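**Student:** I am sharing data.txt, which consists of compact mmCIF, C-alpha atoms:
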# COMPACT_ATOMS: atom_id res chain seq x y z
CA MET A 145 142.09 24.17 85.91
CA LYS A 146 145.15 23.96 83.76
CA LYS A 147 144.56 22.51 80.21
CA ASN A 148 146.42 19.29 79.47
CA ASN A 149 148.00 20.63 76.31
CA ASN A 150 150.80 18.53 74.82
CA ILE A 151 152.80 18.42 77.99
CA SER A 152 154.72 15.37 76.72
CA GLY A 153 156.63 17.60 74.29
CA PHE A 154 155.95 15.31 71.34
CA LYS A 155 154.66 16.62 68.05
CA THR A 156 153.25 15.07 64.87
CA PRO A 157 154.10 15.75 61.22
CA GLN A 158 152.08 18.53 59.65
CA ASN A 159 148.53 17.49 58.66
CA TYR A 160 149.06 14.05 60.16
CA PHE A 161 145.51 13.68 61.38
CA ASP A 162 143.94 15.23 58.28
CA ASP A 163 144.15 12.10 56.15
CA PHE A 164 144.57 9.57 58.94
CA GLU A 165 141.21 7.92 58.36
CA GLU A 166 141.79 7.64 54.63
CA ARG A 167 145.15 5.97 55.22
CA LEU A 168 143.71 3.68 57.84
CA PHE A 169 140.84 2.45 55.63
CA GLN A 170 143.29 1.96 52.80
CA ARG A 171 145.42 -0.24 55.04
CA ILE A 172 142.35 -2.21 56.08
CA GLU A 173 141.43 -2.67 52.42
CA GLU A 174 144.92 -3.84 51.59
CA GLU A 175 144.77 -6.44 54.33
CA GLN A 176 142.81 -8.61 51.90
CA PHE A 177 145.45 -8.23 49.17
CA PRO A 178 148.05 -10.99 48.80
CA LYS A 179 151.53 -10.00 49.91
CA SER A 180 153.22 -11.69 46.96
CA SER A 181 152.77 -11.19 43.22
CA GLY A 182 152.96 -14.95 42.60
CA PHE A 183 155.76 -14.51 40.09
CA LYS A 184 158.92 -16.55 40.24
CA VAL A 185 162.12 -16.77 38.21
CA PRO A 186 164.05 -19.72 36.77
CA ASP A 187 166.59 -21.29 39.13
CA GLY A 188 169.87 -19.39 39.17
CA TYR A 189 168.48 -16.54 37.05
CA PHE A 190 169.77 -13.68 39.16
CA GLU A 191 173.10 -15.38 39.80
CA ASN A 192 173.84 -15.59 36.08
CA LEU A 193 172.24 -12.29 35.16
CA ASP A 194 175.25 -10.03 35.74
CA GLU A 195 177.39 -11.85 33.21
CA GLN A 196 174.57 -11.95 30.69
CA ILE A 197 173.90 -8.24 30.96
CA LEU A 198 177.58 -7.26 30.74
CA LYS A 199 177.97 -9.46 27.67
CA SER A 200 174.83 -7.99 26.15
CA VAL A 201 175.99 -4.42 26.80
CA THR A 202 179.47 -5.05 25.38
CA GLN A 203 178.06 -6.75 22.29
CA ASN A 204 175.56 -4.01 21.76
CA ASN A 205 178.25 -1.38 22.16
CA SER A 206 180.45 -2.87 19.43
CA THR A 207 177.45 -3.62 17.21
CA GLU A 208 176.34 -0.01 17.56
CA LYS A 209 179.70 1.17 16.21
CA LYS A 210 179.52 -1.16 13.20
CA LYS A 211 175.94 -0.14 12.46
CA VAL A 212 176.84 3.40 11.43
CA ILE A 213 176.37 3.41 7.70
CA SER A 214 177.16 6.49 5.72
CA LEU A 215 174.12 7.78 3.87
CA ILE A 216 176.36 8.64 0.99
CA PRO A 217 179.16 6.21 0.01
CA LYS A 218 182.54 7.79 0.67
CA LYS A 219 183.61 7.66 -2.99
CA TYR A 220 180.82 10.11 -3.81
CA PHE A 221 181.73 12.53 -1.03
CA GLY A 222 183.98 14.54 -3.30
CA TYR A 223 181.30 14.93 -5.97
CA ALA A 224 178.60 15.65 -3.42
CA ALA A 225 180.78 18.22 -1.70
CA ALA A 226 181.54 19.82 -5.04
CA ILE A 227 177.87 20.02 -5.96
CA ALA A 228 176.99 21.43 -2.54
CA ALA A 229 179.77 24.00 -2.75
CA CYS A 230 178.63 25.05 -6.23
CA LEU A 231 175.08 25.35 -4.95
CA LEU A 232 176.28 27.49 -2.08
CA VAL A 233 178.21 29.77 -4.37
CA ALA A 234 175.32 29.96 -6.81
CA ILE A 235 172.94 30.94 -4.03
CA GLN A 236 175.37 33.60 -2.84
CA VAL A 237 175.86 34.88 -6.37
CA PHE A 238 172.16 35.08 -7.25
CA THR A 239 171.19 36.50 -3.87
CA PHE A 240 173.84 39.18 -3.70
CA GLN A 241 173.97 40.39 -7.25
CA ASP A 242 174.34 44.00 -6.14
CA GLU A 243 177.23 43.20 -3.85
CA ASN A 244 180.95 43.36 -4.38
CA PRO A 245 181.73 42.58 -8.05
CA ASN A 246 184.67 40.39 -6.90
CA ILE A 247 182.24 37.60 -6.14
CA GLU A 248 181.25 37.40 -9.81
CA SER A 249 184.84 36.91 -10.80
CA ILE A 250 185.03 33.53 -8.98
CA GLN A 251 184.89 31.01 -11.76
CA ILE A 252 183.18 27.74 -11.18
CA SER A 253 186.04 25.88 -12.88
CA MET A 254 188.49 27.33 -10.36
CA LEU A 255 186.24 26.10 -7.59
CA ASP A 256 186.08 22.63 -9.16
CA LYS A 257 189.86 22.49 -9.27
CA TYR A 258 190.07 23.58 -5.66
CA ILE A 259 187.80 20.73 -4.60
CA GLU A 260 189.45 18.12 -6.88
CA ASP A 261 192.83 18.98 -5.45
CA GLY A 262 191.42 17.99 -2.06
CA TYR A 263 191.48 21.35 -0.38
CA LEU A 264 187.81 21.22 0.55
CA ASN A 265 187.68 19.58 3.94
CA ILE A 266 184.14 19.89 5.22
CA ASN A 267 181.28 17.40 5.15
CA LEU A 268 177.80 17.89 3.78
CA TYR A 269 176.23 18.19 7.19
CA GLU A 270 178.54 21.05 8.09
CA LEU A 271 177.61 22.74 4.81
CA THR A 272 173.95 22.76 5.78
CA ASN A 273 174.89 25.04 8.67
CA TYR A 274 175.48 27.74 6.09
CA PHE A 275 172.00 27.55 4.67
CA GLU A 276 169.64 30.26 5.82
CA ASP A 277 165.93 29.64 6.35
CA SER A 278 165.20 31.82 3.34
CA ASP A 279 167.27 29.46 1.17
CA ILE A 280 164.95 26.57 1.86
CA SER A 281 161.68 28.34 2.54
CA GLY A 282 160.67 27.94 -1.07
CA LEU A 283 161.16 24.19 -1.03
CA ASN A 284 157.96 22.26 -1.51
CA ILE A 285 158.10 19.00 0.44
CA ASP A 286 154.89 17.01 0.27
CA PHE A 287 154.69 15.22 3.62
CA GLU A 288 151.49 13.61 2.51
CA LEU A 289 153.60 11.30 0.35
CA ILE A 290 154.86 9.71 3.58
CA PRO A 291 152.08 7.51 5.00
CA GLU A 292 151.34 8.45 8.64
CA GLY A 293 151.66 4.90 9.86
CA VAL A 294 155.10 4.56 8.28
CA LEU A 295 156.34 7.75 9.91
CA GLU A 296 154.91 6.74 13.28
CA SER A 297 156.44 3.27 13.04
CA TYR A 298 159.82 4.71 12.08
CA ILE A 299 159.83 7.03 15.07
CA ILE A 300 158.73 4.29 17.50
CA GLU A 301 161.30 1.83 16.11
CA ASN A 302 164.19 4.29 16.09
CA MET A 303 163.40 6.73 18.86
CA ASP A 304 165.71 6.61 21.82
CA GLY A 305 163.44 7.36 24.78
CA THR A 306 166.37 7.76 27.16
CA THR A 307 167.66 10.76 25.20
CA LEU A 308 164.23 12.33 25.55
CA ILE A 309 164.15 11.53 29.30
CA ASN A 310 167.53 13.22 29.72
CA GLU A 311 166.13 16.30 28.00
CA GLY A 312 163.22 16.45 30.45
CA PHE A 313 160.53 14.58 28.52
CA ASN A 314 158.10 12.75 30.80
CA PRO A 315 156.56 9.74 29.04
CA PHE A 316 153.81 9.60 31.62
CA GLU A 317 152.36 13.12 31.04
CA MET B 126 173.91 9.48 48.57
CA ILE B 127 177.68 9.95 48.63
CA GLU B 128 178.03 6.39 47.42
CA GLU B 129 175.72 7.12 44.51
CA LYS B 130 177.66 10.27 43.55
CA GLU B 131 180.89 8.30 43.52
CA LEU B 132 179.28 5.61 41.41
CA VAL B 133 178.03 8.18 38.89
CA SER B 134 181.47 9.74 38.75
CA ALA B 135 183.05 6.36 38.04
CA LEU B 136 180.40 5.52 35.45
CA GLN B 137 181.20 8.71 33.60
CA THR B 138 184.94 8.03 33.59
CA GLU B 139 186.13 5.88 30.69
CA GLU B 140 188.72 3.92 32.70
CA ALA B 141 186.38 3.11 35.59
CA LYS B 142 183.12 2.73 33.65
CA GLU B 143 183.03 -1.04 33.19
CA VAL B 144 183.83 -1.90 36.79
CA ALA B 145 181.37 0.69 38.05
CA PHE B 146 178.70 -0.59 35.68
CA SER B 147 179.23 -4.11 36.93
CA GLN B 148 178.59 -2.85 40.49
CA LEU B 149 175.52 -1.01 39.31
CA VAL B 150 174.07 -4.13 37.69
CA SER B 151 174.76 -6.18 40.78
CA LYS B 152 173.05 -3.64 43.03
CA TYR B 153 169.95 -2.86 40.99
CA LYS B 154 169.22 -5.90 38.81
CA GLU B 155 166.60 -7.41 41.11
CA ARG B 156 164.74 -4.22 41.88
CA LEU B 157 164.59 -3.28 38.22
CA TYR B 158 163.62 -6.81 37.20
CA TRP B 159 160.63 -6.93 39.56
CA GLN B 160 159.53 -3.46 38.58
CA ILE B 161 159.49 -4.56 34.94
CA ARG B 162 158.00 -7.98 35.62
CA ASN B 163 155.05 -6.46 37.45
CA ILE B 164 154.22 -4.57 34.27
CA VAL B 165 154.95 -7.06 31.51
CA LEU B 166 154.05 -10.17 33.56
CA ASP B 167 155.98 -12.72 31.47
CA HIS B 168 159.48 -13.69 32.64
CA ASP B 169 161.06 -13.85 29.18
CA ASP B 170 159.60 -10.46 28.30
CA ALA B 171 160.86 -9.02 31.58
CA ASP B 172 164.31 -10.43 30.84
CA ASP B 173 164.33 -8.74 27.43
CA VAL B 174 163.18 -5.42 28.81
CA LEU B 175 165.70 -5.59 31.66
CA GLN B 176 168.56 -6.13 29.22
CA ASN B 177 167.32 -3.23 27.08
CA THR B 178 167.09 -1.08 30.20
CA PHE B 179 170.68 -1.73 31.22
CA ILE B 180 171.89 -1.19 27.65
CA LYS B 181 170.12 2.18 27.63
CA ILE B 182 171.62 3.05 31.03
CA PHE B 183 175.12 2.14 29.83
CA ARG B 184 174.70 4.04 26.59
CA ASN B 185 173.28 7.18 28.16
CA ILE B 186 175.08 7.43 31.50
CA ASN B 187 177.37 10.16 30.16
CA SER B 188 174.38 12.39 29.53
CA PHE B 189 172.95 11.81 33.03
CA LYS B 190 172.93 15.30 34.46
CA GLY B 191 172.34 14.47 38.13
CA GLU B 192 169.12 16.47 38.29
CA SER B 193 167.48 13.41 39.82
CA LYS B 194 168.99 10.58 41.82
CA LEU B 195 170.65 7.85 39.78
CA HIS B 196 168.26 5.14 40.92
CA THR B 197 165.12 7.17 40.10
CA TRP B 198 166.60 7.88 36.67
CA MET B 199 167.06 4.14 36.17
CA TYR B 200 163.53 3.35 37.38
CA ARG B 201 162.19 5.84 34.89
CA ILE B 202 164.12 4.20 32.05
CA ALA B 203 162.82 0.79 33.15
CA ALA B 204 159.24 2.09 33.25
CA ASN B 205 159.62 3.68 29.82
CA GLU B 206 161.15 0.52 28.34
CA SER B 207 158.30 -1.58 29.76
CA ILE B 208 155.64 0.61 28.19
CA THR B 209 157.57 0.81 24.89
CA PHE B 210 157.84 -2.98 24.85
CA LEU B 211 154.11 -3.45 25.33
CA ASN B 212 153.29 -0.81 22.72
CA LYS B 213 155.62 -2.48 20.24
CA LYS B 214 154.02 -5.85 20.92
CA ALA B 215 150.57 -4.35 20.35
CA ARG B 216 151.67 -2.84 17.03
CA GLN B 217 153.40 -6.01 15.86
CA ASN B 218 150.31 -8.09 16.58
CA ASN B 219 147.95 -5.37 15.37
CA VAL B 220 146.02 -5.34 18.64
CA SER B 221 145.37 -2.80 21.39
CA MET B 222 147.47 -2.47 24.52
CA GLU B 223 144.54 -3.77 26.56
CA GLU B 224 144.48 -6.94 24.47
CA VAL B 225 148.22 -7.43 24.97
CA LYS B 226 147.74 -7.20 28.75
CA GLN B 227 144.67 -9.44 28.63
CA ASN B 228 146.57 -12.09 26.64
CA ALA B 229 149.41 -11.95 29.16
CA ILE B 230 146.94 -12.40 32.02
CA ASN B 231 145.22 -15.32 30.24
CA ARG B 232 148.58 -17.09 29.92
CA LEU B 233 149.38 -16.64 33.61
CA GLU B 234 147.48 -19.65 34.86
CA SER B 235 149.56 -22.00 32.74
CA ASP B 236 152.81 -20.04 33.13
CA VAL B 237 155.52 -22.14 34.81
CA TYR B 238 156.95 -18.98 36.33
CA PHE B 239 153.71 -18.08 38.08
CA GLU B 240 153.05 -20.02 41.26
CA GLY B 241 150.32 -17.83 42.70
CA ASP B 242 147.15 -19.17 44.25
CA GLU B 243 143.64 -18.15 43.20
CA LEU B 244 143.74 -14.91 45.16
CA GLU B 245 147.08 -13.92 43.64
CA LEU B 246 145.73 -14.67 40.17
CA HIS B 247 142.65 -12.53 40.81
CA PHE B 248 144.96 -9.85 42.16
CA GLN B 249 147.00 -9.81 38.95
CA LYS B 250 143.83 -9.79 36.85
CA ALA B 251 142.54 -6.83 38.86
CA ILE B 252 145.81 -4.92 38.44
CA ALA B 253 145.71 -5.55 34.68
CA THR B 254 142.38 -3.73 34.45
CA LEU B 255 143.94 -0.49 35.70
CA PRO B 256 144.97 2.28 33.29
CA GLU B 257 148.67 2.20 32.41
CA LYS B 258 149.91 4.91 34.73
CA GLN B 259 147.76 3.83 37.64
CA GLN B 260 149.06 0.29 37.21
CA MET B 261 152.62 1.56 37.27
CA ILE B 262 152.00 3.60 40.42
CA PHE B 263 150.23 0.77 42.20
CA THR B 264 152.75 -1.97 41.41
CA MET B 265 155.75 0.20 42.19
CA LYS B 266 154.28 1.30 45.51
CA TYR B 267 152.72 -1.99 46.59
CA PHE B 268 155.30 -4.53 45.41
CA GLY B 269 158.34 -2.28 44.99
CA ASP B 270 157.81 -0.48 48.25
CA HIS B 271 158.97 2.80 46.73
CA THR B 272 158.28 5.90 48.79
CA TYR B 273 155.98 8.51 47.34
CA GLU B 274 158.97 10.86 47.08
CA GLU B 275 160.83 8.35 44.92
CA LEU B 276 157.78 7.69 42.78
CA SER B 277 157.24 11.41 42.34
CA GLU B 278 160.78 11.80 41.01
CA THR B 279 160.51 8.70 38.84
CA LEU B 280 157.13 9.33 37.28
CA GLY B 281 157.08 13.12 37.38
CA THR B 282 153.78 13.25 39.29
CA SER B 283 153.10 15.20 42.48
CA ILE B 284 152.98 13.27 45.74
CA GLY B 285 149.34 14.27 46.20
CA GLY B 286 148.52 12.99 42.73
CA LEU B 287 150.31 9.72 43.43
CA LYS B 288 148.49 9.16 46.71
CA SER B 289 145.20 9.83 45.03
CA SER B 290 146.01 7.50 42.14
CA TYR B 291 147.15 4.76 44.51
CA HIS B 292 144.04 5.08 46.61
CA ILE B 293 141.77 4.84 43.54
CA ALA B 294 143.72 1.85 42.23
CA SER B 295 143.48 0.13 45.59
CA LYS B 296 139.71 0.64 45.68
CA LYS B 297 139.27 -0.69 42.13
CA ILE B 298 141.32 -3.78 42.94
CA ALA B 299 139.39 -4.42 46.15
CA ASP B 300 136.09 -4.11 44.26
CA TYR B 301 137.31 -6.44 41.50
CA ILE B 302 138.38 -9.11 43.97
CA LYS B 303 135.12 -8.81 45.90
CA ASN B 304 132.99 -9.03 42.74
CA ASN B 305 134.91 -12.03 41.49
CA GLU B 306 134.54 -13.80 44.80
CA ILE B 307 130.80 -13.24 44.61
CA SER B 308 130.58 -14.47 41.00
CA ASN B 309 132.55 -17.59 41.85
CA ASP B 310 130.20 -18.59 44.71
The structure in this file should be written as structure tokens.
**Tutor:**
Amino acid sequence: MKKNNNISGFKTPQNYFDDFEERLFQRIEEEQFPKSSGFKVPDGYFENLDEQILKSVTQNNSTEKKKVISLIPKKYFGYAAAIAACLLVAIQVFTFQDENPNIESIQISMLDKYIEDGYLNINLYELTNYFEDSDISGLNIDFELIPEGVLESYIIENMDGTTLINEGFNPFE
Amino acid sequence: MIEEKELVSALQTEEAKEVAFSQLVSKYKERLYWQIRNIVLDHDDADDVLQNTFIKIFRNINSFKGESKLHTWMYRIAANESITFLNKKARQNNVSMEEVKQNAINRLESDVYFEGDELELHFQKAIATLPEKQQMIFTMKYFGDHTYEELSETLGTSIGGLKSSYHIASKKIADYIKNNEISND
């Protein structure tokens, strides 16, 4: 006798029957759950929401621009840049004492004049790019002076989670 | 899908960004709102979190790399903002996250924006007892009707893991409702 073996031509997804019972009992269980959450919204909430959000986003965008406060007031930039440049030169001089004697001939006063005349056109943050790890490895920063709770609060208050999400961070792991 | 790609393209173009964003808000505001509301429970809190979510979306759309779909990226931001909001509330009030959720549940009965019956109230109480991630998975699947594929992309969990989590959550909720029915008899 010929076996009646799927002569209809239909097939099921892979492993369909493997967890069928589990899915079925879950559905039966959920039959007792309410279909609605019970939550409601104020009248007209969604109708007015678009305008509110667009206003909020625009306000926040312009507020964000105003909120950028320079860590160092601009009037001190020149002095700070001068100090940083002197530090850089000093590091180079003391590190490479055996190098080309022309470096030793650069006088600090000439460097001062160069900066005062406005020829130096880089900011402090760019200057830090020139620091090597060895330049700062000797620095002794006592992190214990910063209370843990303060550091944690600062990060939570100021951390932008969306930037982390874009970089692949999963907050649910 | 093509529609979403065009929307992303417009959102990342300075001239078209505002109009495109307006369309985005119109299309997703309700889905995102309910996703958030099911976590934070209170309408005013949900409103705050929703606004924060859209601000974050607007601010970060240029760095959206298209590795996931736009809507799953937005759901993930909304989920993250909801959890951040609750954590912040816990820290500000110097209580645990569980206490924050419990307080929100206790206020539900008298909340003018909750019109659920006794079963719906028990249901919300049961959901609030779930661990954070399980609660997220359950509410997004049950109320939000997300597919497991979408949830997997949003929450970064395997489909198998999600199904397992959902099943466990469902069982816990069923047990909670049953035990509360017995205790109320």
**Student:** Could you please determine the separation between CA of Lys154 in chain B and CA of Asn212 in chain B in Å, to one decimal place?
**Tutor:**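 For CA of Lys154 in chain B relative to CA of Asn212 in chain B, the distance reads 23.2 Å.
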**Student:** What are the closest atom pairs, with distances in Å to one decimal, for each residue of chain B lying within 9 Å of chain A, using all atoms listed in the file, rows by chain and rising residue number, as a tab-separated table?
**Tutor:**
residue	atom	partner	partner_atom	distance
B:Glu143	CA	A:Leu198	CA	8.6
B:Phe146	CA	A:Leu198	CA	8.4
B:Ser147	CA	A:Leu198	CA	7.1
B:Val150	CA	A:Asp194	CA	6.3
B:Ser151	CA	A:Asp194	CA	6.4
B:Lys154	CA	A:Phe190	CA	7.8
B:Glu155	CA	A:Phe190	CA	7.3
B:Arg162	CA	A:Phe183	CA	8.2
B:Asn163	CA	A:Ser181	CA	7.8
B:Leu166	CA	A:Phe183	CA	8.0
B:Asp167	CA	A:Phe183	CA	8.8
B:His168	CA	A:Val185	CA	6.9
B:Leu175	CA	A:Ile197	CA	8.6
B:Gln176	CA	A:Ile197	CA	6.0
B:Asn177	CA	A:Val201	CA	8.8
B:Phe179	CA	A:Ile197	CA	7.3
B:Ile180	CA	A:Val201	CA	5.3
B:Lys181	CA	A:Thr306	CA	6.7
B:Ile182	CA	A:Thr306	CA	8.0
B:Phe183	CA	A:Val201	CA	7.3
B:Arg184	CA	A:Asn205	CA	7.8
B:Asn185	CA	A:Thr306	CA	7.0
B:Ser188	CA	A:Asn310	CA	6.9
B:Phe189	CA	A:Asn310	CA	6.5
B:Lys190	CA	A:Asn310	CA	7.5
B:Trp198	CA	A:Ile309	CA	8.6
B:Arg201	CA	A:Ile309	CA	8.2
B:Ile202	CA	A:Thr306	CA	6.5
B:Asn205	CA	A:Pro315	CA	6.8
B:Glu206	CA	A:Gly305	CA	8.0
B:Thr209	CA	A:Ile300	CA	8.3
B:Lys213	CA	A:Ile300	CA	7.9
B:Arg216	CA	A:Ser297	CA	8.7
B:Val237	CA	A:Lys184	CA	8.5
B:Tyr238	CA	A:Lys184	CA	5.0
B:Phe239	CA	A:Phe183	CA	4.6
B:Glu240	CA	A:Gly182	CA	5.2
B:Gly241	CA	A:Gly182	CA	3.9
B:Asp242	CA	A:Gly182	CA	7.4
B:Leu244	CA	A:Pro178	CA	6.9
B:Glu245	CA	A:Pro178	CA	6.0
B:Leu246	CA	A:Gly182	CA	7.6
B:Phe248	CA	A:Phe177	CA	7.2
B:Gln249	CA	A:Ser181	CA	7.3
B:Lys258	CA	A:Phe316	CA	6.8
B:Tyr267	CA	A:Lys179	CA	8.8
B:Phe268	CA	A:Ser181	CA	7.5
B:Leu280	CA	A:Phe316	CA	6.6
B:Gly281	CA	A:Asn314	CA	6.7
B:Thr282	CA	A:Glu317	CA	8.4
B:His292	CA	A:Gln170	CA	7.0
B:Ser295	CA	A:Glu174	CA	7.3
B:Lys296	CA	A:Glu173	CA	7.7
B:Ile298	CA	A:Phe177	CA	8.7
B:Ala299	CA	A:Glu173	CA	6.8
B:Ile302	CA	A:Phe177	CA	8.8
**Student:** With C-alpha atoms kept, could you save the residues just selected as a short mmCIF file (atom, residue, chain, number, x, y, z; two decimals), in the frame of the given file?
**Tutor:**
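Just written: result05.cif:
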data_model
loop_
_atom_site.label_atom_id
_atom_site.label_comp_id
_atom_site.auth_asym_id
_atom_site.auth_seq_id
_atom_site.Cartn_x
_atom_site.Cartn_y
_atom_site.Cartn_z
CA GLU B 143 183.03 -1.04 33.19
CA PHE B 146 178.70 -0.59 35.68
CA SER B 147 179.23 -4.11 36.93
CA VAL B 150 174.07 -4.13 37.69
CA SER B 151 174.76 -6.18 40.78
CA LYS B 154 169.22 -5.90 38.81
CA GLU B 155 166.60 -7.41 41.11
CA ARG B 162 158.00 -7.98 35.62
CA ASN B 163 155.05 -6.46 37.45
CA LEU B 166 154.05 -10.17 33.56
CA ASP B 167 155.98 -12.72 31.47
CA HIS B 168 159.48 -13.69 32.64
CA LEU B 175 165.70 -5.59 31.66
CA GLN B 176 168.56 -6.13 29.22
CA ASN B 177 167.32 -3.23 27.08
CA PHE B 179 170.68 -1.73 31.22
CA ILE B 180 171.89 -1.19 27.65
CA LYS B 181 170.12 2.18 27.63
CA ILE B 182 171.62 3.05 31.03
CA PHE B 183 175.12 2.14 29.83
CA ARG B 184 174.70 4.04 26.59
CA ASN B 185 173.28 7.18 28.16
CA SER B 188 174.38 12.39 29.53
CA PHE B 189 172.95 11.81 33.03
CA LYS B 190 172.93 15.30 34.46
CA TRP B 198 166.60 7.88 36.67
CA ARG B 201 162.19 5.84 34.89
CA ILE B 202 164.12 4.20 32.05
CA ASN B 205 159.62 3.68 29.82
CA GLU B 206 161.15 0.52 28.34
CA THR B 209 157.57 0.81 24.89
CA LYS B 213 155.62 -2.48 20.24
CA ARG B 216 151.67 -2.84 17.03
CA VAL B 237 155.52 -22.14 34.81
CA TYR B 238 156.95 -18.98 36.33
CA PHE B 239 153.71 -18.08 38.08
CA GLU B 240 153.05 -20.02 41.26
CA GLY B 241 150.32 -17.83 42.70
CA ASP B 242 147.15 -19.17 44.25
CA LEU B 244 143.74 -14.91 45.16
CA GLU B 245 147.08 -13.92 43.64
CA LEU B 246 145.73 -14.67 40.17
CA PHE B 248 144.96 -9.85 42.16
CA GLN B 249 147.00 -9.81 38.95
CA LYS B 258 149.91 4.91 34.73
CA TYR B 267 152.72 -1.99 46.59
CA PHE B 268 155.30 -4.53 45.41
CA LEU B 280 157.13 9.33 37.28
CA GLY B 281 157.08 13.12 37.38
CA THR B 282 153.78 13.25 39.29
CA HIS B 292 144.04 5.08 46.61
CA SER B 295 143.48 0.13 45.59
CA LYS B 296 139.71 0.64 45.68
CA ILE B 298 141.32 -3.78 42.94
CA ALA B 299 139.39 -4.42 46.15
CA ILE B 302 138.38 -9.11 43.97
#
**Student:** Could you pull the residues within 6 Å of Ile284 in chain B, counting all atoms listed in the file, minus those fewer than 3 positions along the same chain, as a count of residues only?
**Tutor:** 3
**Student:** Could you list, as a list of chain:residue names, every residue within 12 Å of Glu275 in chain B, counting all atoms listed in the file and ignoring same-chain residues fewer than 3 positions away?
**Tutor:**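 Returned residues: B:Ser193, B:Lys194, B:Leu195, B:His196, B:Thr197, B:Trp198, B:Met199, B:Tyr200, B:Arg201, B:Ile262, B:Met265, B:Lys266, B:Gly269, B:Asp270, B:His271, B:Thr272, B:Glu278, B:Thr279, B:Leu280, B:Gly281, B:Thr282, B:Ser283, B:Ile284, B:Leu287.
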**Student:** Based on the selection just made, write C-alpha atoms of those residues as an mmCIF file, in the coordinates of the input.
**Tutor:**
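Contents of again.cif, as written:
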data_model
loop_
_atom_site.group_PDB
_atom_site.id
_atom_site.type_symbol
_atom_site.label_atom_id
_atom_site.label_comp_id
_atom_site.auth_asym_id
_atom_site.auth_seq_id
_atom_site.Cartn_x
_atom_site.Cartn_y
_atom_site.Cartn_z
ATOM 1 C CA SER B 193 167.480 13.410 39.820
ATOM 2 C CA LYS B 194 168.990 10.580 41.820
ATOM 3 C CA LEU B 195 170.650 7.850 39.780
ATOM 4 C CA HIS B 196 168.260 5.140 40.920
ATOM 5 C CA THR B 197 165.120 7.170 40.100
ATOM 6 C CA TRP B 198 166.600 7.880 36.670
ATOM 7 C CA MET B 199 167.060 4.140 36.170
ATOM 8 C CA TYR B 200 163.530 3.350 37.380
ATOM 9 C CA ARG B 201 162.190 5.840 34.890
ATOM 10 C CA ILE B 262 152.000 3.600 40.420
ATOM 11 C CA MET B 265 155.750 0.200 42.190
ATOM 12 C CA LYS B 266 154.280 1.300 45.510
ATOM 13 C CA GLY B 269 158.340 -2.280 44.990
ATOM 14 C CA ASP B 270 157.810 -0.480 48.250
ATOM 15 C CA HIS B 271 158.970 2.800 46.730
ATOM 16 C CA THR B 272 158.280 5.900 48.790
ATOM 17 C CA GLU B 278 160.780 11.800 41.010
ATOM 18 C CA THR B 279 160.510 8.700 38.840
ATOM 19 C CA LEU B 280 157.130 9.330 37.280
ATOM 20 C CA GLY B 281 157.080 13.120 37.380
ATOM 21 C CA THR B 282 153.780 13.250 39.290
ATOM 22 C CA SER B 283 153.100 15.200 42.480
ATOM 23 C CA ILE B 284 152.980 13.270 45.740
ATOM 24 C CA LEU B 287 150.310 9.720 43.430
#
**Student:** Between CA of Ala253 in chain B and CA of Gly285 in chain B, what is the distance in Å, rounded to a tenth?
**Tutor:**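 According to the coordinates, CA of Ala253 in chain B and CA of Gly285 in chain B are separated by 23.2 Å.
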**Student:** Just the number, please: distance in Å from CA of Lys288 in chain B to CA of Thr156 in chain A, one decimal.
**Tutor:**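 Computing it gives 19.7 Å between the two atoms.
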